[in-house]
Every structure is written in structure tokens, then in C-alpha cells.
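Have a look at final_37.txt below; it lists compact mmCIF, C-alpha atoms.
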```txt
# COMPACT_ATOMS: atom_id res chain seq x y z
CA MET A 213 107.36 99.19 133.77
CA SER A 214 109.32 96.19 132.62
CA GLY A 215 111.73 96.48 129.73
CA ARG A 216 111.47 92.87 128.62
CA ARG A 217 108.88 91.53 126.25
CA ARG A 218 107.15 88.21 126.82
CA ASN A 219 105.30 85.92 124.45
CA ASP A 220 101.55 86.40 124.71
CA GLY A 221 99.54 83.25 124.97
CA GLY A 222 102.59 81.05 125.42
CA GLU A 223 102.85 78.32 128.01
CA PRO A 224 105.97 77.31 129.94
CA ASP A 225 108.51 75.40 127.91
CA ASN A 226 108.27 71.62 127.97
CA GLU A 227 110.71 69.04 126.77
CA GLY A 228 111.16 68.84 122.99
CA GLY A 229 108.00 70.18 121.37
CA GLY A 230 107.52 72.92 123.95
CA ARG A 231 110.69 74.68 122.83
CA GLU A 232 109.58 74.48 119.21
CA GLU A 233 106.21 75.99 120.08
CA ASP A 234 107.90 78.81 121.99
CA ALA A 235 110.21 79.51 119.04
CA GLY A 236 107.23 79.58 116.69
CA GLU A 237 105.44 82.07 118.94
CA ARG A 238 108.49 84.34 118.94
CA ASN A 239 108.55 84.16 115.16
CA GLU A 240 104.95 85.37 115.11
CA GLN A 241 105.90 88.24 117.38
CA ASN A 242 108.99 89.36 115.47
CA PHE A 243 107.71 89.45 111.92
CA ASP A 244 104.79 91.05 110.13
CA LEU A 245 104.01 87.96 108.01
CA THR A 246 102.41 85.82 110.71
CA ARG A 247 100.48 82.59 110.17
CA THR A 248 100.84 82.91 106.42
CA TRP A 249 99.40 79.42 105.89
CA ASP A 250 95.97 80.92 106.67
CA GLU A 251 96.36 83.57 103.97
CA LEU A 252 98.01 81.67 101.13
CA GLU A 253 97.31 82.68 97.56
CA GLU A 254 97.67 80.47 94.51
CA ILE A 255 98.97 82.17 91.35
CA ASP A 256 99.60 80.03 88.26
CA GLY A 257 99.93 76.93 90.39
CA ASN A 258 102.39 78.56 92.83
CA ILE A 259 101.70 79.32 96.46
CA ALA A 260 102.50 82.92 97.50
CA VAL A 261 101.66 85.58 100.04
CA THR A 262 101.58 88.35 97.46
CA SER A 263 98.72 90.36 98.90
CA ILE A 264 100.35 90.50 102.35
CA SER A 265 103.73 91.49 100.91
CA GLU A 266 102.15 94.14 98.71
CA ALA A 267 100.29 95.66 101.65
CA ASP A 268 103.49 95.87 103.70
CA LYS A 269 105.51 97.39 100.87
CA ARG A 270 102.74 99.81 100.02
CA ARG A 271 102.59 100.97 103.63
CA ARG A 272 106.29 101.81 103.50
CA LEU A 273 105.84 103.83 100.32
CA LEU A 274 102.86 105.94 101.39
CA LYS A 275 104.71 108.87 102.92
CA ASP A 276 104.48 112.61 102.66
CA THR A 277 106.09 113.83 99.40
CA THR A 278 105.57 117.56 99.95
CA PRO A 279 108.70 119.44 98.80
CA LEU A 280 110.39 120.93 101.89
CA GLN A 281 113.62 122.70 102.57
CA ARG A 282 115.88 120.07 104.07
CA GLY A 283 119.32 120.10 105.61
CA ILE A 284 121.21 117.95 103.11
CA ILE A 285 124.54 118.78 104.78
CA ARG A 286 124.26 116.82 108.01
CA HIS A 287 126.56 116.14 110.94
CA LEU A 288 125.33 113.10 112.87
CA VAL A 289 126.80 111.34 115.91
CA LEU A 290 125.57 107.77 116.38
CA VAL A 291 125.68 106.69 120.05
CA LEU A 292 125.58 102.92 120.63
CA ASP A 293 124.69 101.23 123.90
CA MET A 294 127.44 98.68 124.64
CA SER A 295 126.43 97.89 128.22
CA VAL A 296 125.73 94.46 129.68
CA CYS A 297 122.00 94.76 128.95
CA MET A 298 122.79 94.28 125.24
CA PHE A 299 123.29 90.55 125.96
CA GLU A 300 119.50 90.19 126.12
CA LYS A 301 118.08 87.84 123.49
CA ASP A 302 114.66 89.39 122.91
CA LEU A 303 116.17 90.44 119.56
CA ARG A 304 117.82 87.42 118.00
CA PRO A 305 120.59 86.40 118.31
CA THR A 306 121.30 89.24 120.79
CA ARG A 307 120.51 92.92 120.98
CA TYR A 308 124.19 93.71 120.54
CA LEU A 309 124.71 91.76 117.31
CA VAL A 310 121.43 92.95 115.80
CA MET A 311 122.37 96.55 116.58
CA LEU A 312 125.82 96.23 115.00
CA HIS A 313 124.56 94.51 111.86
CA TYR A 314 121.87 97.15 111.39
CA THR A 315 124.47 99.84 112.05
CA VAL A 316 126.48 98.65 109.06
CA ALA A 317 123.37 98.83 106.88
CA PHE A 318 122.56 102.25 108.36
CA ILE A 319 126.00 103.62 107.48
CA ARG A 320 125.68 102.53 103.86
CA GLU A 321 122.17 103.96 103.52
CA TYR A 322 123.09 107.17 105.35
CA PHE A 323 125.88 108.05 102.94
CA GLU A 324 123.81 106.89 99.98
CA GLN A 325 121.06 109.34 100.92
CA ASN A 326 123.39 112.02 102.33
CA PRO A 327 126.59 111.92 100.27
CA ILE A 328 127.87 115.32 101.46
CA SER A 329 127.27 114.67 105.15
CA GLN A 330 129.47 113.60 108.06
CA LEU A 331 129.09 110.79 110.60
CA GLY A 332 130.77 109.86 113.87
CA MET A 333 130.15 107.02 116.36
CA ILE A 334 130.43 106.73 120.13
CA GLY A 335 129.96 103.72 122.42
CA MET A 336 128.65 103.63 126.01
CA ARG A 337 130.35 101.00 128.17
CA ASN A 338 131.66 100.68 131.75
CA GLY A 339 130.15 104.03 132.73
CA MET A 340 132.24 105.84 130.10
CA ALA A 341 131.90 107.11 126.56
CA GLN A 342 134.34 105.55 124.11
CA PRO A 343 134.92 106.89 120.58
CA ILE A 344 134.33 104.28 117.88
CA SER A 345 135.09 106.40 114.81
CA ASP A 346 135.82 110.08 114.31
CA MET A 347 133.58 112.47 112.40
CA SER A 348 134.19 111.91 108.69
CA GLY A 349 132.45 111.38 105.36
CA ASN A 350 134.13 108.08 104.53
CA PRO A 351 131.72 105.16 105.07
CA THR A 352 134.50 102.58 104.70
CA GLU A 353 136.19 103.74 107.91
CA HIS A 354 132.96 103.59 109.90
CA ILE A 355 132.04 100.12 108.62
CA LYS A 356 135.53 98.87 109.42
CA ALA A 357 135.20 100.18 112.99
CA VAL A 358 131.81 98.50 113.48
CA ARG A 359 133.06 95.19 112.14
CA GLY A 360 135.92 95.42 114.60
CA LEU A 361 133.33 95.60 117.38
CA ILE A 362 131.57 92.53 115.99
CA GLU A 363 134.80 90.53 116.05
CA LYS A 364 136.38 91.73 119.30
CA GLY A 365 134.10 94.03 121.28
CA GLU A 366 131.75 92.74 123.98
CA PRO A 367 129.12 94.57 126.01
CA ASN A 368 130.21 95.30 129.55
CA GLY A 369 129.23 97.46 132.51
CA GLN A 370 126.60 100.20 132.58
CA PRO A 371 125.96 103.05 130.11
CA SER A 372 126.60 106.71 130.87
CA LEU A 373 124.22 109.00 129.03
CA GLU A 374 125.84 112.20 130.28
CA ASN A 375 129.36 111.21 129.17
CA ALA A 376 128.11 110.13 125.74
CA LEU A 377 126.17 113.36 125.20
CA GLU A 378 129.12 115.47 126.30
CA MET A 379 131.44 113.68 123.88
CA ALA A 380 128.90 114.02 121.07
CA ARG A 381 128.49 117.72 121.87
CA ALA A 382 132.24 118.21 121.68
CA ALA A 383 132.33 116.51 118.26
CA LEU A 384 129.49 118.70 116.94
CA PHE A 385 130.48 121.97 118.57
CA HIS A 386 132.89 123.06 115.82
CA THR A 387 130.77 121.93 112.86
CA PRO A 388 129.73 124.74 110.47
CA SER A 389 126.40 126.44 111.03
CA HIS A 390 125.09 125.71 107.52
CA GLY A 391 124.77 122.00 108.38
CA THR A 392 122.54 120.18 110.84
CA ARG A 393 123.76 118.90 114.20
CA GLU A 394 122.14 115.62 115.20
CA ILE A 395 122.53 112.81 117.72
CA LEU A 396 121.00 109.34 117.27
CA LEU A 397 121.03 107.32 120.49
CA ILE A 398 120.46 103.54 120.50
CA MET A 399 119.49 102.85 124.12
CA GLY A 400 118.99 99.33 125.45
CA ALA A 401 119.37 99.96 129.18
CA LEU A 402 116.78 101.38 131.55
CA ASN A 403 119.31 103.27 133.67
CA SER A 404 122.32 105.55 133.26
CA VAL A 405 125.40 105.99 135.47
CA ASP A 406 126.24 109.71 135.26
CA PRO A 407 129.03 111.54 137.13
CA GLY A 408 127.20 114.89 137.06
CA ASP A 409 123.91 116.56 136.21
CA VAL A 410 122.60 115.18 132.91
CA HIS A 411 119.88 117.87 132.82
CA ARG A 412 122.57 120.53 132.52
CA THR A 413 124.06 118.60 129.61
CA ILE A 414 120.67 118.55 127.86
CA ASP A 415 120.39 122.32 128.30
CA SER A 416 123.82 122.68 126.69
CA LEU A 417 122.64 120.66 123.69
CA VAL A 418 119.64 122.97 123.32
CA ALA A 419 121.91 126.03 123.45
CA ASP A 420 124.15 124.54 120.74
CA LYS A 421 121.09 123.74 118.53
CA ILE A 422 121.78 120.01 118.56
CA HIS A 423 118.77 117.79 117.81
CA ALA A 424 118.57 114.35 119.43
CA SER A 425 116.52 111.27 118.61
CA VAL A 426 116.39 108.00 120.55
CA ILE A 427 115.60 104.42 119.57
CA GLY A 428 114.84 102.37 122.69
CA LEU A 429 115.21 98.59 122.81
CA ALA A 430 113.24 98.20 126.05
CA ALA A 431 110.68 100.41 127.79
CA GLN A 432 110.53 104.21 127.65
CA VAL A 433 112.95 106.05 129.90
CA ALA A 434 111.97 109.46 131.29
CA ILE A 435 115.36 111.08 130.74
CA CYS A 436 115.43 109.98 127.09
CA ARG A 437 111.99 111.42 126.53
CA GLU A 438 113.09 114.69 128.11
CA LEU A 439 116.20 114.71 125.90
CA VAL A 440 114.17 114.35 122.71
CA SER A 441 111.50 116.81 123.81
CA LYS A 442 113.86 119.63 124.79
CA THR A 443 116.14 119.33 121.77
CA ASN A 444 113.24 119.24 119.30
CA ASN A 445 111.04 122.09 120.58
CA GLY A 446 108.68 119.80 122.48
CA ASP A 447 108.29 117.22 119.72
CA THR A 448 108.69 113.67 121.04
CA SER A 449 108.16 111.86 117.72
CA GLY A 450 111.91 111.22 117.60
CA TYR A 451 111.67 108.78 120.54
CA ASN A 452 110.54 105.32 119.45
CA ILE A 453 110.56 101.88 121.06
CA VAL A 454 111.53 98.84 119.01
CA LEU A 455 108.86 96.16 118.61
CA HIS A 456 110.84 93.56 116.68
CA GLU A 457 113.86 93.22 114.39
CA LEU A 458 112.14 94.54 111.27
CA HIS A 459 110.79 97.54 113.18
CA PHE A 460 114.29 98.22 114.52
CA ARG A 461 115.66 98.39 110.98
CA GLU A 462 112.83 100.63 109.79
CA LEU A 463 113.41 103.09 112.63
CA MET A 464 117.11 103.33 111.87
CA MET A 465 116.57 103.73 108.12
CA ALA A 466 114.02 106.49 108.74
CA VAL A 467 116.82 108.62 110.21
CA THR A 468 118.68 108.57 106.87
CA THR A 469 116.15 111.01 105.39
CA PRO A 470 117.38 114.60 105.88
CA PRO A 471 115.28 116.54 108.41
CA ALA A 472 113.14 119.45 107.31
CA THR A 473 114.25 122.93 108.41
CA PHE A 474 111.52 125.22 109.71
CA GLU A 475 113.40 127.83 111.70
CA GLN A 476 113.66 131.26 110.11
CA ALA A 477 117.40 131.45 110.67
CA GLU A 478 117.95 128.10 108.98
CA ALA A 479 115.49 128.82 106.17
CA ALA A 480 117.35 131.94 105.04
CA SER A 481 119.15 131.47 101.73
CA SER A 482 122.93 131.59 101.78
CA LEU A 483 125.82 130.68 99.53
CA LEU A 484 128.31 127.97 100.47
CA LEU A 485 131.74 127.85 98.89
CA MET A 486 132.67 124.37 97.66
CA GLY A 487 135.49 122.87 95.67
CA PHE A 488 135.30 120.14 93.05
CA PRO A 489 138.77 118.57 92.97
CA SER A 490 140.08 116.25 90.29
CA ARG A 491 141.41 112.78 90.96
CA THR A 492 145.16 112.33 90.69
CA LEU A 493 147.45 109.29 90.38
CA ASP A 494 151.07 109.89 91.35
CA PRO A 495 153.91 107.66 90.15
CA HIS A 496 155.20 107.44 93.73
CA PRO A 497 153.29 107.32 97.04
CA SER A 498 152.83 110.56 98.96
CA PHE A 499 151.20 111.42 102.28
CA CYS A 500 147.62 112.66 102.39
CA ALA A 501 146.87 115.66 104.60
CA CYS A 502 143.80 114.12 106.21
CA HIS A 503 145.28 110.89 107.64
CA SER A 504 149.04 111.19 106.96
CA ARG A 505 148.98 107.87 105.11
CA PRO A 506 151.09 107.17 102.00
CA SER A 507 149.05 106.54 98.85
CA ARG A 508 149.34 107.08 95.12
CA GLU A 509 145.70 107.99 94.54
CA GLY A 510 143.95 111.04 95.92
CA TYR A 511 142.27 114.35 95.21
CA LEU A 512 143.93 117.77 95.07
CA CYS A 513 142.16 120.71 96.65
CA SER A 514 141.02 123.10 93.95
CA ARG A 515 142.13 126.10 96.06
CA CYS A 516 145.44 125.20 97.70
CA GLY A 517 146.40 121.88 96.07
CA THR A 518 146.46 119.88 99.31
CA LYS A 519 146.04 116.13 98.80
CA VAL A 520 143.16 114.27 100.44
CA CYS A 521 142.48 110.58 100.07
CA GLY A 522 138.67 110.58 99.87
CA LEU A 523 135.59 112.68 99.20
CA PRO A 524 133.49 114.31 100.53
CA SER A 525 135.78 115.95 103.04
CA GLU A 526 137.07 119.28 104.26
CA CYS A 527 140.49 120.48 103.19
CA PRO A 528 142.77 120.30 106.25
CA ALA A 529 144.75 123.33 105.02
CA CYS A 530 142.17 125.88 103.83
CA SER A 531 138.91 124.36 105.25
CA LEU A 532 137.25 124.31 101.83
CA THR A 533 134.43 121.75 101.45
CA LEU A 534 135.50 119.24 98.78
CA ILE A 535 132.87 117.17 96.99
CA LEU A 536 132.02 115.69 93.60
CA SER A 537 129.22 116.90 91.36
CA THR A 538 127.55 113.49 91.65
CA HIS A 539 127.22 114.01 95.41
CA LEU A 540 125.05 117.08 94.87
CA ALA A 541 123.00 115.29 92.22
CA ARG A 542 122.25 112.39 94.59
CA SER A 543 121.05 114.82 97.27
CA TYR A 544 118.60 116.55 94.92
CA HIS A 545 115.80 113.99 95.21
CA HIS A 546 115.23 114.89 98.87
CA LEU A 547 114.21 118.41 97.87
CA PHE A 548 111.75 117.26 95.18
CA PRO A 549 110.70 113.69 96.03
CA LEU A 550 108.89 111.42 93.59
CA VAL A 551 105.14 111.62 94.20
CA ASN A 552 103.29 108.56 95.45
CA TRP A 553 101.62 106.39 92.82
CA VAL A 554 97.95 105.53 93.16
CA ASP A 555 96.18 102.18 93.14
CA VAL A 556 94.47 101.30 89.88
CA PRO A 557 90.83 100.12 90.26
CA TRP A 558 89.46 97.18 88.31
CA SER A 559 87.50 99.58 86.09
CA GLU A 560 90.82 100.87 84.71
CA ALA A 561 92.73 97.58 84.78
CA TYR A 562 91.98 96.84 81.13
CA ARG A 563 94.43 99.56 80.08
CA SER A 564 97.48 97.42 80.88
CA THR A 565 98.39 93.74 80.90
CA GLN A 566 101.96 93.97 82.19
CA CYS A 567 104.24 96.26 84.16
CA PHE A 568 105.59 99.10 82.03
CA ALA A 569 109.09 98.78 83.53
CA CYS A 570 109.80 95.08 84.12
CA GLN A 571 107.07 93.56 81.88
CA ARG A 572 105.75 91.42 84.73
CA PRO A 573 102.22 90.18 83.85
CA PHE A 574 99.35 91.66 85.83
CA PRO A 575 96.32 89.73 87.13
CA THR A 576 93.59 89.73 84.49
CA ILE A 577 90.07 91.01 84.99
CA SER A 578 88.82 87.41 85.10
CA ASP A 579 90.87 86.94 88.29
CA GLN A 580 88.95 89.67 90.11
CA VAL A 581 86.56 87.27 91.81
CA ASP A 582 89.39 85.08 93.09
CA ARG A 583 91.55 87.97 94.37
CA VAL A 584 90.01 88.54 97.79
CA ASP A 585 91.65 88.64 101.18
CA LYS A 586 90.63 86.74 104.31
CA ASP A 587 87.96 89.35 105.13
CA GLY A 588 86.31 89.00 101.72
CA LYS A 589 87.54 92.38 100.47
CA ASP A 590 89.02 93.01 97.04
CA ALA A 591 92.78 92.41 97.13
CA GLY A 592 93.39 94.96 94.35
CA THR A 593 94.71 94.84 90.80
CA SER A 594 98.42 94.91 91.75
CA ARG A 595 98.73 97.93 89.46
CA TYR A 596 100.03 101.34 90.54
CA GLU A 597 99.76 104.37 88.29
CA CYS A 598 101.99 107.42 88.00
CA THR A 599 99.70 110.46 88.05
CA PHE A 600 101.81 112.29 85.45
CA CYS A 601 102.66 109.77 82.73
CA HIS A 602 99.70 107.43 83.59
CA LYS A 603 101.81 104.29 83.18
CA HIS A 604 101.07 101.20 85.28
CA PHE A 605 103.73 99.49 87.42
CA CYS A 606 103.97 96.51 89.75
CA ILE A 607 104.71 96.87 93.46
CA GLU A 608 108.37 95.89 93.03
CA CYS A 609 108.98 98.64 90.47
CA ASP A 610 107.01 101.04 92.67
CA LEU A 611 109.33 100.25 95.57
CA PHE A 612 112.48 100.43 93.43
CA SER A 613 111.50 103.73 91.83
CA HIS A 614 110.69 105.49 95.11
CA GLU A 615 113.49 104.13 97.31
CA VAL A 616 116.42 103.62 94.92
CA VAL A 617 116.32 105.55 91.64
CA HIS A 618 113.84 108.25 92.78
CA ASN A 619 112.56 108.68 89.22
CA CYS A 620 109.58 107.38 87.26
CA PRO A 621 110.55 105.08 84.34
CA GLY A 622 107.50 106.21 82.40
CA CYS A 623 108.29 109.91 82.77
CA GLN A 624 111.96 109.38 81.96
CA SER A 625 111.19 107.33 78.84
CA GLY A 626 109.25 110.16 77.18
CA GLY A 627 105.80 110.09 78.74
CA ALA A 628 106.56 113.28 80.63
CA VAL A 629 109.44 115.69 81.02
CA ALA A 630 110.53 117.04 84.39
CA GLY A 631 110.52 120.83 84.38
CA LEU A 632 112.03 123.40 86.69
CA MET A 633 111.36 123.22 90.45
CA GLY A 634 110.07 119.66 90.15
CA GLU A 635 107.11 120.53 87.90
CA ILE A 636 106.02 118.02 85.28
CA GLU A 637 105.11 118.94 81.72
CA MET A 638 103.29 116.40 79.59
CA GLU A 639 104.59 115.80 76.09
CA LYS A 640 102.12 115.75 73.24
CA GLN A 641 102.30 113.15 70.55
CA ASP A 642 100.11 113.73 67.47
CA GLY A 643 98.00 116.18 69.46
CA GLN A 644 97.23 113.69 72.23
CA ALA A 645 98.83 112.92 75.56
CA ASN A 646 100.84 109.76 75.90
CA GLY A 647 98.51 107.23 77.56
CA VAL A 648 98.75 103.68 78.81
CA ASP A 649 98.48 101.02 76.16
CA GLY A 650 100.18 98.15 77.95
CA ASP A 651 103.36 98.34 75.88
CA ALA A 652 106.62 97.81 77.68
CA MET A 653 109.28 100.46 78.06
CA GLN A 654 111.75 100.50 75.18
CA VAL A 655 115.27 99.70 76.33
CA ASP A 656 118.24 100.65 74.20
CA GLY A 657 120.09 97.57 73.16
```

Here is a file; write its structure as C-alpha cells.
Amino acid sequence: MSGRRRNDGGEPDNEGGGREEDAGERNEQNFDLTRTWDELEEIDGNIAVTSISEADKRRRLLKDTTPLQRGIIRHLVLVLDMSVCMFEKDLRPTRYLVMLHYTVAFIREYFEQNPISQLGMIGMRNGMAQPISDMSGNPTEHIKAVRGLIEKGEPNGQPSLENALEMARAALFHTPSHGTREILLIMGALNSVDPGDVHRTIDSLVADKIHASVIGLAAQVAICRELVSKTNNGDTSGYNIVLHELHFRELMMAVTTPPATFEQAEAASSLLLMGFPSRTLDPHPSFCACHSRPSREGYLCSRCGTKVCGLPSECPACSLTLILSTHLARSYHHLFPLVNWVDVPWSEAYRSTQCFACQRPFPTISDQVDRVDKDGKDAGTSRYECTFCHKHFCIECDLFSHEVVHNCPGCQSGGAVAGLMGEIEMEKQDGQANGVDGDAMQVDG
């Protein structure tokens, strides 16, 4: 099976226009919005592709929102392929640059969704495993290390899967049992140069309860499929092959969601001792215990008073987990996610004329005949309703509420009150429930 993708229907390049046609065909392959000139939509005299964009955004939002016990304290090792195969240009400009740029975005999103978790990075190059950044909870250090690879590092040699997994196993071996142990492998090559038996290494990962997932940039590789299957109890859903740049980003961002815990040993309730240190500002610089760097700012351990420069972290002296209260609050939405909003049919569209949150005007009922897609089907009302407060929102507010703030503006503004364990209790006003009247949300000025 070949690991390179070719352009379907394309002819050999000719002088001048042939190259432009080939570039246009690659654009069609790499993006979901293809041949948009055939599906243009005119709104108030402006040309847009609203229906296509809405369908793509809605597809990203429709996910399972069942409350599950999740491992919000994660320890993840990101393994990057830095071999010569990353010079391939099937992902523009090259696989290597696309991977590094998406890695920076992944680091930011990972710590945004998992503020009390740890991350480390390893590179595979010249048949060896090279550490990129140590296991820590400081995203600034990881981003700085990746940007250093963008400026100076170059792919070279062949990857070694066994060496990378052994180094990742060593980094995760001493992590506490109350957190998850995960490996995310970005694999662009179709081969691996291993000094020993990689199957024995995979068995060691299973014994240490380390879960692995793989994102392939070429074709499927048998050893990667075996790695994912054995470390995830036979589930191979963690092994995916990239189709294009946007799909690559989506696969990496999907890993930022904490995994659900189903094992009985992991599901048992337990108490974890944590410290909430206060920030200090010394008149003179002093060394931090975590990096031995002089600084005036830092945090003092609430148990032993040791100074650390950043949070979340583990006290180097007494091993107490040090976090801020806001870190726990930001992890809460994974346990009780915001439910999906439903499409509003035209029979209920009269209840609102604009988005409750951003006051963006909705298509009117008179536009129903004109709002059809290329197959002649109804393109929808562009309204999405919260099933608890019954307010109507546009697709942009739907996306922002589910992926950024993780709260419903209608429920938070008084339409409903969140109760214990994620339950919703409707408020009564004058003996009636708060309905949708098309009024905008009141913003304190």
C-alpha cells in the first residue's frame, strides 16, 4: 500500500496553466469547502457559503454529551516523527512544518482543556529518540521548545518506534496512579529502525497501563495498529490516518478531551491531597526549587514553603500537587458537558428574529423558499435552541458556547439555573416558564 496521496482526475502538469490546474485540484482535496462557486448563497446582496459553513460547524458540535467519569489529571507524552519522510509536501508546505504549527496549537488547547495535567515531548530522528521538552505543566516551555525546532531543527534519518516508546515509558513510569498515562504518536514514516524487539516494548506499556494513540500521515502501519489495539483493550479507534490539513488539526484537537475511565480500579473514588499556594513577590531575586532559576515572582508551597515559579506543578520538596482553584473550575465542564442544541424548524421560527446572544438577525419566514441547497432540500432556519431555556442562537454562538465558554448564555442570564450534578431547574416568572420572545440578552453596562 502506498503512503502517498495523488490527485484524482488530474492530468500531468503542463507549462503554465497546467501547474495552476494541479494546484486547484490539490485545494479541492485538502479542504471541505470545494467548488464553492457552485453553491453560492446571496444574503442581503452579499455572496456567502453560509449553509456549507453551518453544516461543517454543526457536524463538529454534534458529539456525545453523556456525563462520564473522566481522567482530568493527565500525563501525556507527545512523540513527533522528525525523520526524512517529513519533507514530503502532500501537506503544505511540508509535513514537518504543518506538524509543528499544529503542535503549538495543540499545546495551548491541551492546557486550556486540562489545566492540571502534564505534558512531555519526544522526537524520533536518526534512529534515536531525542527529548524535546521534559514532563511539566508549563505550556510556555513546550511552545518555546517547538518554536526552536521550527527555527533550527530539520528532519533527518529514520524513526525508531522502540526507542521513542521506551523513552516515553520511562517518563510515565513514575507518574502517580491517580492520573492517566498516555502516548500520542505522530507517525509519518512507513518503517521503523529498532535495535530490539518492539513487541516486547508494547507488552511493557500494557503492563504499565499506558494508553497509546497514533495519528498517521501516510498509510496504516501494522505495528502502529498493534500498538493502539494492545494498549486500549482491543480498541483501534485511536489510530487514524490524516486526509488533509484540516483533518490533521481535528484529530490532534480531539486528543485534548480527557478520556473516559471505565475500569473498576480507576472508577473507585479516592481523595487526592492538593495545595493552593499564594503568589509572592520578593524584593530581591531568589532561586526556584523547580528550575533553579533566579526570579522575584513565584508561589510558595502551602505545606513546606518551597518556592516554585509556575502552576500547576508538584512541589520538589514534599511532592504536594500545587494548583489554583481556577484550574479545577476549568476542568469541571468535562464532567458535565453542555448538551447539544437542536435545530429549530420553520414552524417554530416565528418565535425569534435575532440571536439571543449576539443579536445577529435570523432569516425570516419569507426566505424559506429561497433557502434551499443544491439538492433542493431545505437549508434550515439557522436557529439552534437550548432545550432547557428554549432560547434561539446562531451557529457562531452555538460553536462558541460549546467549545469555549461551555455554558448557555440563556441559562446563565436567568432562563434556567444550573442545579447540583449538572441538573437544570427552570425558573418561574409570574407562574410561567421563561420562553423565547426574540429579545436580546441584557448585558450589564

* Structure fact -> Students should find that CA of Gly391 in chain A and CA of His287 in chain A are spaced 6.6 Å

* To do: Find the distance between CA of Gly349 in chain A and CA of Leu331 in chain A and write it in Å to one decimal.
  =>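 Value for the CA of Gly349 in chain A-CA of Leu331 in chain A distance: 6.3 Å.
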
* Structure fact -> Nearest to Phe460 in chain A, restricted to only C-alpha atoms and choosing among A:Arg286, A:His614, A:Arg505, A:Arg304, comes out as A:Arg304

Give me the residues of range 315-413 of chain A that have any atom at most 12 Å from an atom of range 535-558 of chain A; for each, the nearest atom pair and the distance in Å, rounded to one decimal. Use all atoms listed in the file, sort by chain and number, and format it as a tab-separated table.
```
residue	atom	partner	partner_atom	distance
A:Tyr322	CA	A:Ser543	CA	11.3
A:Phe323	CA	A:His539	CA	9.7
A:Glu324	CA	A:Arg542	CA	7.9
A:Gln325	CA	A:Ser543	CA	6.6
A:Asn326	CA	A:Ser543	CA	6.2
A:Pro327	CA	A:His539	CA	5.3
A:Ile328	CA	A:His539	CA	6.2
A:Ser329	CA	A:His539	CA	9.8
A:Gly349	CA	A:Ile535	CA	10.2
A:Asn350	CA	A:Ile535	CA	11.9
```

* Nearest to Ser372 in chain A among A:Asp610, A:Glu457, A:Asp406, A:Asp346, with distances taken over all atoms listed in the file: which residue is it? ->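 Closest to Ser372 in chain A, using all atoms listed in the file: A:Asp406.
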
* Would you mind listing what lies within 9 Å of range 422-427 of chain A as number ranges by chain, with all atoms listed in the file counted and same-chain residues fewer than 3 positions away left out? => A: 381, 384-385, 392-400, 416-419, 436-437, 439-444, 448-454, 460, 463-464, 467
